[in-house]
Every structure is written in structure tokens, then in C-alpha cells.
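Participant: Pasting a structure below so you can have a look.
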Amino acid sequence: MTTSTMTDRQPTSTTGAVRPELRALDGIYRARGLHWVGDGFRVAGFFSAIPDAVRKLSPFLLLDYHPTYEYAPTDKPRGVGVHPHRGFETVTIAWQGSVAHHDSSGGGGVIGPGDVQWMTAASGILHKEYHEKEYARRGGPFQMAQLWVNLPRAHKMSPPRYQGIVAEQIGVVTLPDDAGSVRVIAGEYLGVKGPAKTFTKVDVFDVRLEEQGKVHFAFPAHHNVGLLVMKGDVVINGTQATLHDFAVFENVGELVVIEAESEAQLLVLSGEPIDEPVVQHGPFVMNTAQEIDQAFTDLQRGKFGHLAD
């Protein structure tokens, strides 16, 4: 891990307006190796490597990143069998490969390169995720990420919801000087709004930069911000970062400036923190231990619905 204490203030402009202050870096972290989720997802978990990650990155609870991996053809799709969730949302972003999803609320679909699944578990859901049948049959490269996004107390027991977002629905900002592009999955950037419906203020940006390309983001200082380098070498507010580095920012300053030293791809996350207790046990995220106990009771009583293996 490397850390930065950059707190340089930007000068006022010639018009007298105060430019945004560079956001201070808390640190740059790396995942503690790869692990399998089921037999279909070979992922790096970043939050376990970050001290106090749930507070520093609220409302985000987890980031599992599946770097490019070549799967052999198979007639039996790999994946994760039926399992429950309550109290949060899962967001799956696909760059290579295809994943199918089915859940006990009747939601489901297939996402391929460029698509996103945004599943709100809320009051409780059973679901399964697996390689789409035709992709499994032919095999090939696979690259995806899954986020867990917390829900505020007022919405933890809302009805489940499924959003299947295809690539064509995602707005794209083309950066000046052929610097690259920003796909806006959730939130807003330079007037382009993402299609994802969220319960709190969240930005999820898929960023691509050409060599020497530069991009600026200005996030409210009280919002939590992190970004994952999925390709290339970049400089973030003056600090070097490279492939599979995850940068976490302090709540000091607003401006994030990213300069690409080589062709780069990044996943940029920002969100308004949920200032409530977080109690997690496996697939349940609630506000109290009693609510976790109730989740297990409700699961045993069939209140999460039914879904065949």
C-alpha cells in the first residue's frame, strides 16, 4: 500500500472564482490475491484489503473484480447456485463474457459485454448467477465486476427489484482532445445521466483513457470516492497507480484528476455515505443484530420466495 497526503489548494481563477480543491488520497490498495465464488467467478476482493472500508466507501459494501480470464468450453455452465440476499443491492458490470441471472421475484436476464445488472435484494430474494449457456459452450475471455451497494434503513425492506441495463442505454461522454470516454452507469457526468435507478446518490463511471489522456471529476467533499485501475498506468492527483490498484480518497477536497501514461480503463465510484449502523452476516446487511436474526428466520420460513436449482 502506498499513501498520499496531497492537500494542495487550487488557486483562484482570473475571474476570482475559487477552483475546486484536489481531493486528498487516503491510500492506494491491492487485493489479497484471487478467490473463487462458486465455480464461475475468479475474483479479487478489494474491500478486505482496505482498513475501515465500509465507512470510507459507504454506501458501497463490496467490490469483487474478475480480471480477464479465459474459460474453456463446457456443456455445464459455471456459476453460483441459489443463495439469499437482504438489505442491499448487487451490481454486475460486464466487459467480456456473458452472465445469466434468475431470482425468486421473477427477475432475470442475460448481460453481455457492456451491459449491467442492478438487482435490489431489499426485503429478501433468492437468486443464482451463472455463465450464459452459449458463452459457456464456446468459452472465451471473461471480465466483470460486482458491487454491493447498501440501502438506507427506510428502504431495506422495500420490494425486490431487477434492472437489466443494456449497453445502448448507457450514456457516453466523449472527452475533449480525443482523451477517451466516460460511460455513465449511475449518477451524472457533464450533463449525461446514467440509466440506473438508485435509492441514494451514487456515481458509477466506466472510464477509458487514451495514452496521455486526462479526465477531471468533481465530487462533493462529503461523498466517498474510490477508483479501480483495470488497465494501464495512471497518475491520480499526482500519485502513480497501476494495474489492479484501488485508490481510496479522503473527504477533503473535491477534484479528482486522472492522467493516463498508457491506454487505461478505470471504474470510478462515488456515493453519499449512509450514516447508519452496518451489521453484516454473510449475504445479509442490516442495521442491527436482531434484524440479521430475523433475516435467517424469514429465510427458513420461505419468506424469500422459492427458486429451483
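Identifiers in this document derive from the order of the C-alpha cells: chains are assigned A, B, ..., residues are numbered from 1 separately in each chain, and ligands are numbered from 1 in order of occurrence.
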When you look at Ile236 (chain A) with a cut-off of 9 Å (counting only C-alpha atoms), what residues show up, excluding the ones that are within fewer than 5 positions of it in the same chain? I need them as a ChimeraX atom specification.
Facilitator: /A:25,241,247,256-260
Participant: May I have the selected residues written with N, CA, C and O atoms, as a short mmCIF file (atom, residue, chain, number, x, y, z; two decimals), in the first residue's frame?
Facilitator:
```cif
data_model
loop_
_atom_site.label_atom_id
_atom_site.label_comp_id
_atom_site.auth_asym_id
_atom_site.auth_seq_id
_atom_site.Cartn_x
_atom_site.Cartn_y
_atom_site.Cartn_z
N LEU A 25 -5.77 11.84 -1.14
CA LEU A 25 -5.78 10.38 -1.22
C LEU A 25 -5.59 9.78 0.17
O LEU A 25 -4.66 10.13 0.90
N ALA A 241 -0.44 5.21 -10.04
CA ALA A 241 -1.22 3.99 -9.81
C ALA A 241 -1.13 3.14 -11.06
O ALA A 241 -1.00 3.65 -12.18
N ALA A 247 -7.69 3.02 -5.57
CA ALA A 247 -7.42 4.28 -4.86
C ALA A 247 -8.64 4.67 -4.04
O ALA A 247 -9.77 4.66 -4.53
N VAL A 256 -10.84 15.27 -8.62
CA VAL A 256 -10.03 14.10 -8.94
C VAL A 256 -9.55 14.26 -10.38
O VAL A 256 -10.37 14.35 -11.30
N VAL A 257 -8.23 14.30 -10.56
CA VAL A 257 -7.63 14.45 -11.88
C VAL A 257 -6.86 13.17 -12.20
O VAL A 257 -5.97 12.77 -11.45
N ILE A 258 -7.21 12.55 -13.32
CA ILE A 258 -6.56 11.30 -13.72
C ILE A 258 -5.88 11.53 -15.06
O ILE A 258 -6.51 11.98 -16.02
N GLU A 259 -4.59 11.23 -15.12
CA GLU A 259 -3.81 11.34 -16.35
C GLU A 259 -3.26 9.96 -16.70
O GLU A 259 -2.68 9.28 -15.86
N ALA A 260 -3.46 9.54 -17.94
CA ALA A 260 -3.05 8.21 -18.38
C ALA A 260 -1.66 8.23 -18.97
O ALA A 260 -1.38 8.99 -19.91
#
```
Participant: If DSSP is run on the backbone, what residues of region 221-275 of chain A are strand (DSSP E or B)? A reply as number ranges by chain would be ideal.
Facilitator: A: 224-231, 234-236, 239-241, 246-249, 255-260, 264-271
Participant: I'd like the neighbourhood of Arg138 (chain A) as a list in words, where a residue qualifies if any of its atoms comes within 9 Å (using only C-alpha atoms), though same-chain residues fewer than 4 positions away should be ignored.
Facilitator: Tyr71, Ala72, Pro73, Thr74, Asp75, Lys133 and Glu134 of chain A
Participant: Rounded to one decimal, what separation in Å do you get between CA of Lys76 (chain A) and CA of Leu62 (chain A)?
Facilitator: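 Spanning CA of Lys76 (chain A) to CA of Leu62 (chain A) is a straight-line distance of 28.2 Å.
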Participant: Env of Asp64 (chain A): 6 Å cut, atoms = only C-alpha atoms, seq-sep filter 3 positions within chain, self excluded. Answer as a ChimeraX atom specification.
Facilitator: /A:43-45,145-146
Participant: Where does region 60-106 of chain A meet region 297-302 of chain A within 12 Å, residue by residue, with the nearest atom pair and distance in Å to one decimal for each, counting only C-alpha atoms, listed by chain and rising number, as a Markdown table?
Facilitator:
```
| residue | atom | partner | partner_atom | distance |
| --- | --- | --- | --- | --- |
| A:His83 | CA | A:Leu299 | CA | 10.3 |
| A:Pro84 | CA | A:Leu299 | CA | 7.9 |
| A:His85 | CA | A:Leu299 | CA | 9.5 |
| A:Arg86 | CA | A:Leu299 | CA | 9.8 |
| A:Ser104 | CA | A:Gly302 | CA | 10.8 |
```
Participant: Those selected residues, please, written with N, CA and C atoms and delivered as a short mmCIF file (atom, residue, chain, number, x, y, z; two decimals), in the first residue's frame.
Facilitator:
```
data_model
loop_
_atom_site.label_atom_id
_atom_site.label_comp_id
_atom_site.auth_asym_id
_atom_site.auth_seq_id
_atom_site.Cartn_x
_atom_site.Cartn_y
_atom_site.Cartn_z
N HIS A 83 -28.81 -18.65 -3.75
CA HIS A 83 -28.39 -18.11 -2.46
C HIS A 83 -29.22 -16.85 -2.16
N PRO A 84 -29.33 -16.48 -0.87
CA PRO A 84 -30.19 -15.34 -0.49
C PRO A 84 -29.42 -14.04 -0.34
N HIS A 85 -30.17 -12.92 -0.38
CA HIS A 85 -29.66 -11.60 0.00
C HIS A 85 -30.78 -10.81 0.64
N ARG A 86 -30.41 -9.90 1.54
CA ARG A 86 -31.37 -8.94 2.10
C ARG A 86 -30.62 -7.66 2.49
N SER A 104 -36.00 -15.08 -7.29
CA SER A 104 -37.29 -15.55 -6.79
C SER A 104 -38.40 -14.52 -6.92
#
```
Participant: Considering only C-alpha atoms, state which residue in the set A:Gly194, A:Pro51, A:Pro273, A:Gly180 is at the smallest distance from Lys214 (chain A).
Facilitator: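 Looking only at the distances to Lys214 (chain A), the closest residue turns out to be A:Gly180.
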Participant: Return the single residue from A:Val54, A:Leu209, A:Met144, A:Val110 that is closest to Pro277 (chain A), with distances computed using only C-alpha atoms.
Facilitator: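 Distance minimum relative to Pro277 (chain A) lands on A:Val54.
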Participant: DSSP on the backbone: which residues in region 122-212 of chain A end up as helix (DSSP H, G or I)? Give the answer as a ChimeraX atom specification.
Facilitator: /A:133-138,153-155,167-169,176-178
